[in-house]
file coords04.txt (compact mmCIF, C-alpha atoms)
# COMPACT_ATOMS: atom_id res chain seq x y z
CA MET A 289 12.61 -7.15 -37.26
CA SER A 290 11.13 -10.07 -35.32
CA SER A 291 7.78 -10.31 -33.64
CA THR A 292 6.64 -12.29 -30.61
CA ILE A 293 3.83 -14.78 -31.15
CA ARG A 294 1.84 -15.60 -28.06
CA PRO A 295 0.81 -19.26 -27.78
CA GLY A 296 -2.89 -20.06 -27.75
CA PRO A 297 -4.73 -21.90 -24.97
CA LEU A 298 -4.12 -25.37 -26.47
CA ALA A 299 -0.39 -24.72 -26.78
CA LEU A 300 -0.30 -23.43 -23.21
CA ALA A 301 -2.12 -26.53 -22.02
CA ALA A 302 0.33 -28.79 -23.82
CA THR A 303 3.26 -26.95 -22.28
CA LEU A 304 1.67 -27.19 -18.85
CA LEU A 305 1.06 -30.93 -19.16
CA ALA A 306 4.70 -31.42 -20.06
CA THR A 307 5.78 -29.73 -16.85
CA LEU A 308 3.23 -31.23 -14.42
CA PRO A 309 4.57 -33.82 -11.97
CA ALA A 310 3.71 -37.44 -12.68
CA CYS A 311 1.76 -38.69 -9.67
CA GLY A 312 1.62 -42.35 -8.79
CA GLY A 313 -0.75 -42.01 -5.83
CA LYS A 314 -1.58 -40.07 -2.73
CA GLY A 315 0.82 -38.79 -0.15
CA GLY A 316 4.14 -37.02 -0.46
CA SER A 317 4.83 -33.32 -0.92
CA ASP A 318 2.43 -30.81 -2.44
CA SER A 319 5.21 -29.66 -4.71
CA GLY A 320 5.38 -33.03 -6.49
CA SER A 321 8.52 -34.97 -7.26
CA GLY A 322 8.23 -35.11 -11.05
CA ASP A 323 9.77 -38.58 -11.24
CA GLY A 324 6.67 -40.74 -11.21
CA SER A 325 6.63 -41.17 -7.44
CA ALA A 326 3.63 -40.46 -5.24
CA CYS A 327 2.31 -36.91 -5.00
CA SER A 328 -0.32 -35.25 -2.86
CA ALA A 329 -4.02 -35.63 -3.59
CA ASN A 330 -4.07 -32.04 -4.85
CA ASP A 331 -1.34 -32.91 -7.37
CA THR A 332 -3.31 -35.92 -8.53
CA VAL A 333 -6.53 -33.96 -9.08
CA MET A 334 -4.76 -31.07 -10.77
CA THR A 335 -2.95 -33.44 -13.13
CA GLY A 336 -6.15 -35.35 -13.83
CA LEU A 337 -8.21 -32.22 -14.60
CA ALA A 338 -5.51 -30.45 -16.64
CA PRO A 339 -6.14 -32.18 -20.02
CA THR A 340 -9.79 -31.10 -19.86
CA CYS A 341 -9.52 -27.71 -18.17
CA ALA A 342 -6.03 -26.22 -18.59
CA GLY A 343 -6.72 -25.05 -22.16
CA CYS A 344 -8.81 -22.18 -20.74
CA HIS A 345 -7.48 -21.90 -17.21
CA THR A 346 -3.80 -21.13 -17.71
CA GLN A 347 -4.40 -17.43 -18.33
CA GLY A 348 -6.98 -14.73 -17.78
CA SER A 349 -8.68 -14.05 -14.46
CA GLN A 350 -8.83 -17.72 -13.33
CA PRO A 351 -5.45 -19.33 -14.08
CA PHE A 352 -6.08 -22.40 -11.92
CA PHE A 353 -3.53 -24.58 -13.72
CA VAL A 354 -0.52 -22.27 -13.98
CA SER A 355 1.03 -23.95 -10.95
CA LEU A 356 0.11 -26.05 -7.94
CA ALA A 357 0.19 -22.88 -5.84
CA SER A 358 -2.41 -21.30 -8.14
CA PHE A 359 -4.51 -24.47 -8.12
CA ASN A 360 -4.50 -24.54 -4.32
CA ALA A 361 -5.14 -20.83 -3.77
CA LEU A 362 -7.68 -20.22 -6.55
CA LEU A 363 -9.56 -23.52 -6.66
CA ALA A 364 -8.79 -26.21 -4.07
CA TYR A 365 -9.06 -23.91 -1.03
CA ASN A 366 -11.43 -21.38 -2.55
CA THR A 367 -14.82 -22.09 -0.95
CA THR A 368 -16.56 -20.42 -3.88
CA TYR A 369 -15.78 -23.61 -5.80
CA VAL A 370 -14.77 -26.25 -3.27
CA VAL A 371 -16.24 -26.83 0.21
CA PRO A 372 -13.86 -29.24 1.98
CA GLY A 373 -15.70 -32.38 3.14
CA HIS A 374 -18.82 -31.56 1.11
CA PRO A 375 -18.74 -32.34 -2.61
CA GLU A 376 -22.53 -31.93 -2.74
CA GLN A 377 -22.08 -28.25 -1.71
CA SER A 378 -19.13 -27.60 -4.01
CA TYR A 379 -19.88 -25.52 -7.08
CA LEU A 380 -17.00 -27.19 -8.93
CA ILE A 381 -18.98 -30.44 -8.93
CA LYS A 382 -22.09 -28.70 -10.24
CA LEU A 383 -20.07 -27.17 -13.09
CA LEU A 384 -18.55 -30.52 -14.00
CA GLN A 385 -22.06 -32.04 -13.96
CA GLY A 386 -23.36 -29.27 -16.23
CA GLN A 387 -25.71 -28.01 -13.51
CA GLY A 388 -24.25 -24.59 -12.75
CA THR A 389 -26.59 -21.69 -12.00
CA GLY A 390 -24.33 -18.74 -12.75
CA THR A 391 -23.13 -17.12 -15.97
CA TYR A 392 -21.40 -20.37 -16.93
CA THR A 393 -23.49 -23.49 -16.35
CA GLN A 394 -20.89 -26.12 -17.22
CA MET A 395 -17.23 -26.90 -17.54
CA PRO A 396 -15.68 -27.18 -20.05
CA LEU A 397 -17.54 -24.18 -21.37
CA ALA A 398 -17.82 -25.42 -24.97
CA GLY A 399 -19.11 -28.81 -26.04
CA ASP A 400 -20.14 -31.51 -23.60
CA PRO A 401 -19.76 -31.01 -19.84
CA PHE A 402 -17.15 -32.99 -17.95
CA VAL A 403 -19.60 -35.72 -16.88
CA LYS A 404 -20.44 -36.58 -20.52
CA LEU A 405 -16.77 -36.47 -21.53
CA GLU A 406 -16.08 -38.94 -18.73
CA ALA A 407 -18.86 -41.25 -19.88
CA ALA A 408 -17.27 -41.27 -23.34
CA GLY A 409 -13.87 -42.11 -21.86
CA ASN A 410 -12.36 -38.74 -22.70
CA THR A 411 -11.15 -37.61 -19.27
CA SER A 412 -8.09 -38.51 -17.22
CA ILE A 413 -9.91 -38.52 -13.89
CA SER A 414 -13.41 -39.46 -12.86
CA LEU A 415 -16.05 -37.36 -11.20
CA ALA A 416 -16.15 -39.90 -8.36
CA GLN A 417 -12.41 -39.41 -7.76
CA ILE A 418 -12.90 -35.64 -7.58
CA GLU A 419 -15.78 -36.07 -5.14
CA THR A 420 -13.64 -38.35 -2.97
CA TRP A 421 -10.85 -35.77 -3.03
CA ILE A 422 -13.23 -33.04 -1.83
CA THR A 423 -14.63 -35.37 0.89
CA ASP A 424 -11.10 -36.04 2.19
CA LEU A 425 -9.86 -32.46 1.71
CA THR A 426 -8.84 -30.76 4.96
CA PRO A 427 -9.62 -27.03 5.16
CA MET A 428 -6.63 -24.77 5.43
CA THR A 429 -5.93 -23.78 9.04
CA ALA A 430 -6.69 -20.13 9.73
CA VAL A 431 -3.69 -18.13 10.91
CA THR A 432 -4.41 -16.68 14.35
CA THR A 433 -0.96 -15.37 15.26
CA PRO A 434 0.15 -11.90 14.07
CA ASP A 435 2.44 -11.77 11.07
CA PRO A 436 5.68 -10.14 12.26
CA THR A 437 6.34 -8.89 8.72
CA ALA A 438 2.91 -7.23 8.34
CA VAL A 439 2.80 -3.45 8.06
CA THR A 440 1.42 -2.03 11.30
CA VAL A 441 2.42 1.60 10.82
CA GLN A 442 2.62 3.79 7.75
CA ARG A 443 4.78 6.83 7.11
CA VAL A 444 3.04 9.96 5.93
CA SER A 445 3.50 10.69 2.24
CA ALA A 446 4.90 13.87 0.72
CA GLU A 447 1.39 15.01 -0.18
CA GLN A 448 0.13 14.30 3.34
CA ILE A 449 3.02 16.32 4.77
CA ARG A 450 2.16 19.32 2.62
CA ASN A 451 -1.60 19.20 3.16
CA THR A 452 -1.33 18.53 6.90
CA LEU A 453 1.18 21.29 7.52
CA TYR A 454 -0.85 23.76 5.50
CA ALA A 455 -3.75 23.02 7.86
CA GLN A 456 -1.78 22.81 11.11
CA LEU A 457 0.37 25.89 10.49
CA GLY A 458 -2.22 28.03 8.72
CA LEU A 459 -0.24 28.11 5.47
CA ALA A 460 -1.37 27.92 1.85
CA GLN A 461 0.06 27.70 -1.65
CA ALA A 462 -0.03 31.50 -1.86
CA ASP A 463 2.65 31.60 0.87
CA PHE A 464 5.08 29.83 -1.47
CA TYR A 465 4.07 30.54 -5.05
CA THR A 466 2.55 33.02 -7.41
CA THR A 467 0.95 31.52 -10.51
CA GLY A 468 2.97 32.66 -13.48
CA PRO A 469 1.60 33.57 -16.90
CA THR A 470 0.75 30.89 -19.40
CA ILE A 471 3.90 30.07 -21.31
CA GLU A 472 4.72 27.81 -24.23
CA ASN A 473 3.93 24.68 -22.26
CA TYR A 474 0.72 23.51 -23.94
CA GLY A 475 -1.07 26.43 -22.33
CA VAL A 476 -0.41 25.21 -18.77
CA PRO A 477 0.63 27.92 -16.28
CA GLU A 478 3.64 27.38 -14.04
CA MET A 479 4.16 28.41 -10.43
CA ASN A 480 6.88 30.97 -9.80
CA THR A 481 8.40 30.42 -6.37
CA LEU A 482 8.40 33.33 -3.93
CA GLY A 483 11.82 32.26 -2.75
CA GLU A 484 13.83 29.19 -1.86
CA ASP A 485 14.09 30.42 1.73
CA ASN A 486 10.52 29.20 2.25
CA TYR A 487 11.41 25.62 1.20
CA PRO A 488 8.44 25.03 -1.14
CA PHE A 489 7.98 21.62 -2.69
CA ALA A 490 5.88 20.36 -5.57
CA GLY A 491 5.86 17.14 -7.58
CA ALA A 492 6.87 16.98 -11.22
CA ASP A 493 3.28 15.96 -12.02
CA ASP A 494 1.62 18.80 -10.08
CA LEU A 495 -0.44 21.39 -11.93
CA PRO A 496 0.47 24.18 -12.08
CA GLY A 497 4.01 22.88 -12.24
CA SER A 498 6.99 24.31 -10.39
CA TYR A 499 8.92 26.98 -12.27
CA THR A 500 12.21 25.96 -10.62
CA PRO A 501 13.78 22.51 -10.07
CA GLU A 502 14.44 22.78 -6.31
CA PRO A 503 10.81 22.21 -5.19
CA VAL A 504 10.62 19.10 -7.38
CA GLN A 505 13.84 17.76 -5.88
CA ARG A 506 12.53 18.44 -2.37
CA HIS A 507 9.32 16.56 -3.21
CA ALA A 508 11.45 13.61 -4.32
CA GLU A 509 13.49 13.69 -1.11
CA LEU A 510 10.24 13.49 0.86
CA GLY A 511 9.36 10.33 -1.04
CA GLY A 512 6.78 11.71 -3.45
CA SER A 513 5.97 9.82 -6.66
CA GLN A 514 6.72 11.51 -9.97
CA THR A 515 5.50 9.80 -13.09
CA LEU A 516 7.23 12.25 -15.39
CA ASN A 517 10.56 11.50 -13.68
CA SER A 518 9.91 7.73 -13.38
CA LYS A 519 10.03 7.94 -9.60
CA VAL A 520 7.82 5.67 -7.51
CA ARG A 521 6.48 6.64 -4.08
CA ASP A 522 8.92 5.91 -1.26
CA LEU A 523 7.47 5.72 2.25
CA SER A 524 10.66 4.64 4.00
CA PRO A 525 12.12 6.88 6.73
CA SER A 526 15.26 7.38 4.66
CA PRO A 527 18.09 9.84 5.42
CA PRO A 528 17.03 12.17 2.56
CA PHE A 529 13.50 12.20 3.98
CA ALA A 530 14.73 13.03 7.49
CA GLU A 531 17.05 15.78 6.26
CA ALA A 532 14.35 17.36 4.09
CA LEU A 533 11.76 17.22 6.87
CA VAL A 534 14.10 18.85 9.41
CA SER A 535 14.83 21.92 7.30
CA LEU A 536 11.27 22.16 5.98
CA SER A 537 9.65 21.88 9.41
CA GLN A 538 11.90 24.53 10.92
CA ARG A 539 11.28 27.01 8.13
CA TRP A 540 7.54 26.38 7.81
CA CYS A 541 7.08 26.65 11.58
CA LYS A 542 8.76 30.07 11.53
CA MET A 543 6.45 31.12 8.71
CA GLY A 544 3.36 29.92 10.58
CA ILE A 545 4.40 31.65 13.80
CA ALA A 546 5.10 34.92 11.99
CA LYS A 547 1.85 34.84 10.01
CA PRO A 548 -0.75 37.04 11.80
CA SER A 549 -3.67 34.88 10.72
CA SER A 550 -2.06 31.82 12.36
CA ALA A 551 -1.77 33.40 15.83
CA ALA A 552 -5.04 32.01 17.18
CA LEU A 553 -4.35 28.64 15.55
CA LEU A 554 -0.98 28.17 17.26
CA PHE A 555 -1.21 30.38 20.35
CA PRO A 556 -4.64 30.23 22.00
CA TYR A 557 -3.18 30.45 25.53
CA VAL A 558 -0.09 32.67 25.29
CA ASP A 559 1.51 35.28 23.06
CA SER A 560 4.41 34.03 20.96
CA ALA A 561 6.63 36.75 22.43
CA ALA A 562 5.97 35.84 26.08
CA THR A 563 9.03 34.76 28.07
CA SER A 564 9.43 31.68 30.23
CA ALA A 565 10.40 33.83 33.22
CA ALA A 566 7.09 35.69 33.18
CA SER A 567 4.64 33.18 31.64
CA ALA A 568 5.86 29.65 32.37
CA ASP A 569 2.41 28.25 33.21
CA ALA A 570 0.76 29.77 30.14
CA ILE A 571 3.60 28.50 27.94
CA LYS A 572 3.17 24.95 29.31
CA LYS A 573 -0.57 25.16 28.74
CA ASN A 574 0.09 26.15 25.14
CA LEU A 575 2.60 23.31 24.83
CA SER A 576 -0.12 20.88 25.90
CA TYR A 577 -2.40 22.36 23.26
CA LEU A 578 0.25 21.99 20.56
CA ASN A 579 0.84 18.37 21.56
CA LEU A 580 -2.84 17.69 20.91
CA HIS A 581 -2.84 19.91 17.81
CA PHE A 582 0.05 18.11 16.11
CA LEU A 583 -0.04 14.59 17.55
CA GLY A 584 -3.76 14.21 18.12
CA GLU A 585 -3.55 13.01 21.71
CA PRO A 586 -3.45 14.56 25.19
CA ALA A 587 0.00 15.09 26.65
CA ASP A 588 1.38 13.68 29.86
CA PRO A 589 2.39 16.57 32.17
CA ALA A 590 5.86 15.05 32.55
CA ASP A 591 6.33 15.14 28.77
CA ILE A 592 5.28 18.79 28.66
CA ASP A 593 7.78 19.64 31.39
CA ASP A 594 10.45 17.83 29.38
CA VAL A 595 9.68 19.82 26.19
CA PHE A 596 9.59 23.05 28.18
CA GLN A 597 12.92 22.48 29.95
CA ASN A 598 14.87 20.82 27.12
CA VAL A 599 13.48 22.47 23.98
CA PHE A 600 11.79 25.77 24.73
CA VAL A 601 14.03 27.21 27.48
CA PRO A 602 17.41 26.51 25.80
CA LEU A 603 16.27 27.93 22.44
CA GLU A 604 14.78 30.96 24.15
CA ALA A 605 18.06 31.59 25.96
CA GLU A 606 19.98 31.24 22.70
CA ALA A 607 17.69 33.53 20.67
CA ASP A 608 14.15 34.62 21.62
CA PRO A 609 10.66 33.18 22.36
CA PRO A 610 9.52 33.00 18.69
CA THR A 611 12.64 30.96 17.88
CA ALA A 612 11.88 28.71 20.83
CA TRP A 613 8.34 28.20 19.56
CA ALA A 614 9.70 27.34 16.11
CA GLY A 615 11.88 24.69 17.73
CA VAL A 616 8.91 23.30 19.65
CA CYS A 617 6.76 23.26 16.52
CA SER A 618 9.50 21.50 14.55
CA TYR A 619 9.95 19.03 17.41
CA PHE A 620 6.31 17.96 17.15
CA ILE A 621 6.45 17.64 13.36
CA ARG A 622 9.53 15.41 13.59
CA HIS A 623 7.94 13.32 16.33
CA PRO A 624 7.40 9.62 15.39
CA ARG A 625 3.69 9.94 16.17
CA TRP A 626 3.44 12.72 13.58
CA ILE A 627 5.55 10.95 10.95
CA PHE A 628 3.87 7.56 11.35
CA TYR A 629 0.26 6.55 11.76
call {"tool": "encode", "arguments": {"input": "coords04.txt", "output": "structure tokens"}}
result
Amino acid sequence: MSSTIRPGPLALAATLLATLPACGGKGGSDSGSGDGSACSANDTVMTGLAPTCAGCHTQGSQPFFVSLASFNALLAYNTTYVVPGHPEQSYLIKLLQGQGTGTYTQMPLAGDPFVKLEAAGNTSISLAQIETWITDLTPMTAVTTPDPTAVTVQRVSAEQIRNTLYAQLGLAQADFYTTGPTIENYGVPEMNTLGEDNYPFAGADDLPGSYTPEPVQRHAELGGSQTLNSKVRDLSPSPPFAEALVSLSQRWCKMGIAKPSSAALLFPYVDSAATSAASADAIKKNLSYLNLHFLGEPADPADIDDVFQNVFVPLEAEADPPTAWAGVCSYFIRHPRWIFY
């Protein structure tokens, strides 16, 4: 049986020095050529500081010398340490001079500070060269244009779906589960489902846990994370998510409409049994309310007319007003402005 030995800071520094580009002067690419040709000023300073500093700064919370990208992001363009154009304001210079005012007053941390090592001829770059580099350093240009790859909308999570629909439809865990007796599961009770027809869902990590596998599978289809099943959260609008949300929204809407305590929540302006022939205006007024209730914004009258004519009326003709309201409710839940925020 073999074991892995992690190299210490000095070994890491030696490895780093072997891989750093050899810089013959200023200019060239920030990536360095590695063949002794000219490199950028940042390459030169990083290579010059590495023998003194890389022993501590190739790991931990400040790995400045792991790569040029790290050196640039964490040190060269980090105004906590370097103020471009102003070496006298740069804390890096104060640390190298042994005049720091924070937890660490000098660099290197042990022994003599950099300025004394330089005086003894034990550094590969001078303090004056570092100061000149900071004087000539150009600040990074701030990005003012939007990033087309940046996330601007976010899909609701499985837990948000459950909690939001409980509130919007007047439902609760008691509508889906009864808490079963404590069984041989480390004393943790499990939830016995009241029936698959209600489309309950619960994560594998939920407590109490689901007594049957279907709710756990439904939770996974909605993108919920499950540590016990090694499943990470998925917030993509995937086909399994869409399919699960369609069936769940239809069933839960029917439950909310049929639940007496939800009547005032969902129908403040009309009875759920009222017909379009007798109560068209009241139905449209209630549609406007539901638009605000589910989507959080006032509805355009033209949009309400569209939902009335193309969702409510056809479903009412096919079945009855409560079925039409279930279709309307499900329509709002599957609306992009409900799914994304």
call {"tool": "atom_distance", "arguments": {"input": "coords04.txt", "atom1": "CA of Leu415 (chain A)", "atom2": "CA of Val403 (chain A)"}}
result
6.9 Å
call {"tool": "atom_distance", "arguments": {"input": "coords04.txt", "atom1": "CA of Ala568 (chain A)", "atom2": "CA of Thr452 (chain A)"}}
result
28.7 Å
call {"tool": "residues_near_point", "arguments": {"input": "coords04.txt", "point": "(0.5, 25.6, -0.2)", "cutoff": "12 Å", "atoms": "all atoms listed in the file", "output": "MDAnalysis selection string"}}
result
chainID A and resid 447:467 479 481:482 486:490 496 503 540 544
call {"tool": "atom_distance", "arguments": {"input": "coords04.txt", "atom1": "CA of Glu376 (chain A)", "atom2": "CA of Ile422 (chain A)"}}
result
9.4 Å
call {"tool": "residues_around", "arguments": {"input": "coords04.txt", "residues": "Ala570 (chain A)", "least_positions_apart": "5", "cutoff": "12 Å", "atoms": "all atoms listed in the file", "output": "PyMOL selection string"}}
result
chain A and resi 555-565+575-577+592+596
call {"tool": "residues_around", "arguments": {"input": "coords04.txt", "residues": "Phe600 (chain A)", "least_positions_apart": "6", "cutoff": "7 Å", "atoms": "only C-alpha atoms", "output": "PyMOL selection string"}}
result
chain A and resi 612-613+616
call {"tool": "residues_around", "arguments": {"input": "coords04.txt", "residues": "Val595 (chain A)", "least_positions_apart": "3", "cutoff": "12 Å", "atoms": "all atoms listed in the file", "output": "PyMOL selection string"}}
result
chain A and resi 571-576+578-579+587-592+598-603+612-613+615-620+623
call {"tool": "closest_residue", "arguments": {"input": "coords04.txt", "among": "A:Ser445, A:Thr393, A:Ser378, A:Thr437", "to": "Thr423 (chain A)", "atoms": "all atoms listed in the file"}}
result
A:Ser378
call {"tool": "residues_around", "arguments": {"input": "coords04.txt", "residues": "Thr515 (chain A)", "least_positions_apart": "3", "cutoff": "7 Å", "atoms": "all atoms listed in the file", "output": "PyMOL selection string"}}
result
chain A and resi 493+518-519
call {"tool": "axis_aligned_box", "arguments": {"input": "coords04.txt", "around": "region 535-546 of chain A", "padding_each_side": "6 Å", "output": "lines of an AutoDock Vina configuration file"}}
result
center_x = 9.1
center_y = 28.4
center_z = 9.9
size_x = 23.5
size_y = 25.0
size_z = 19.8
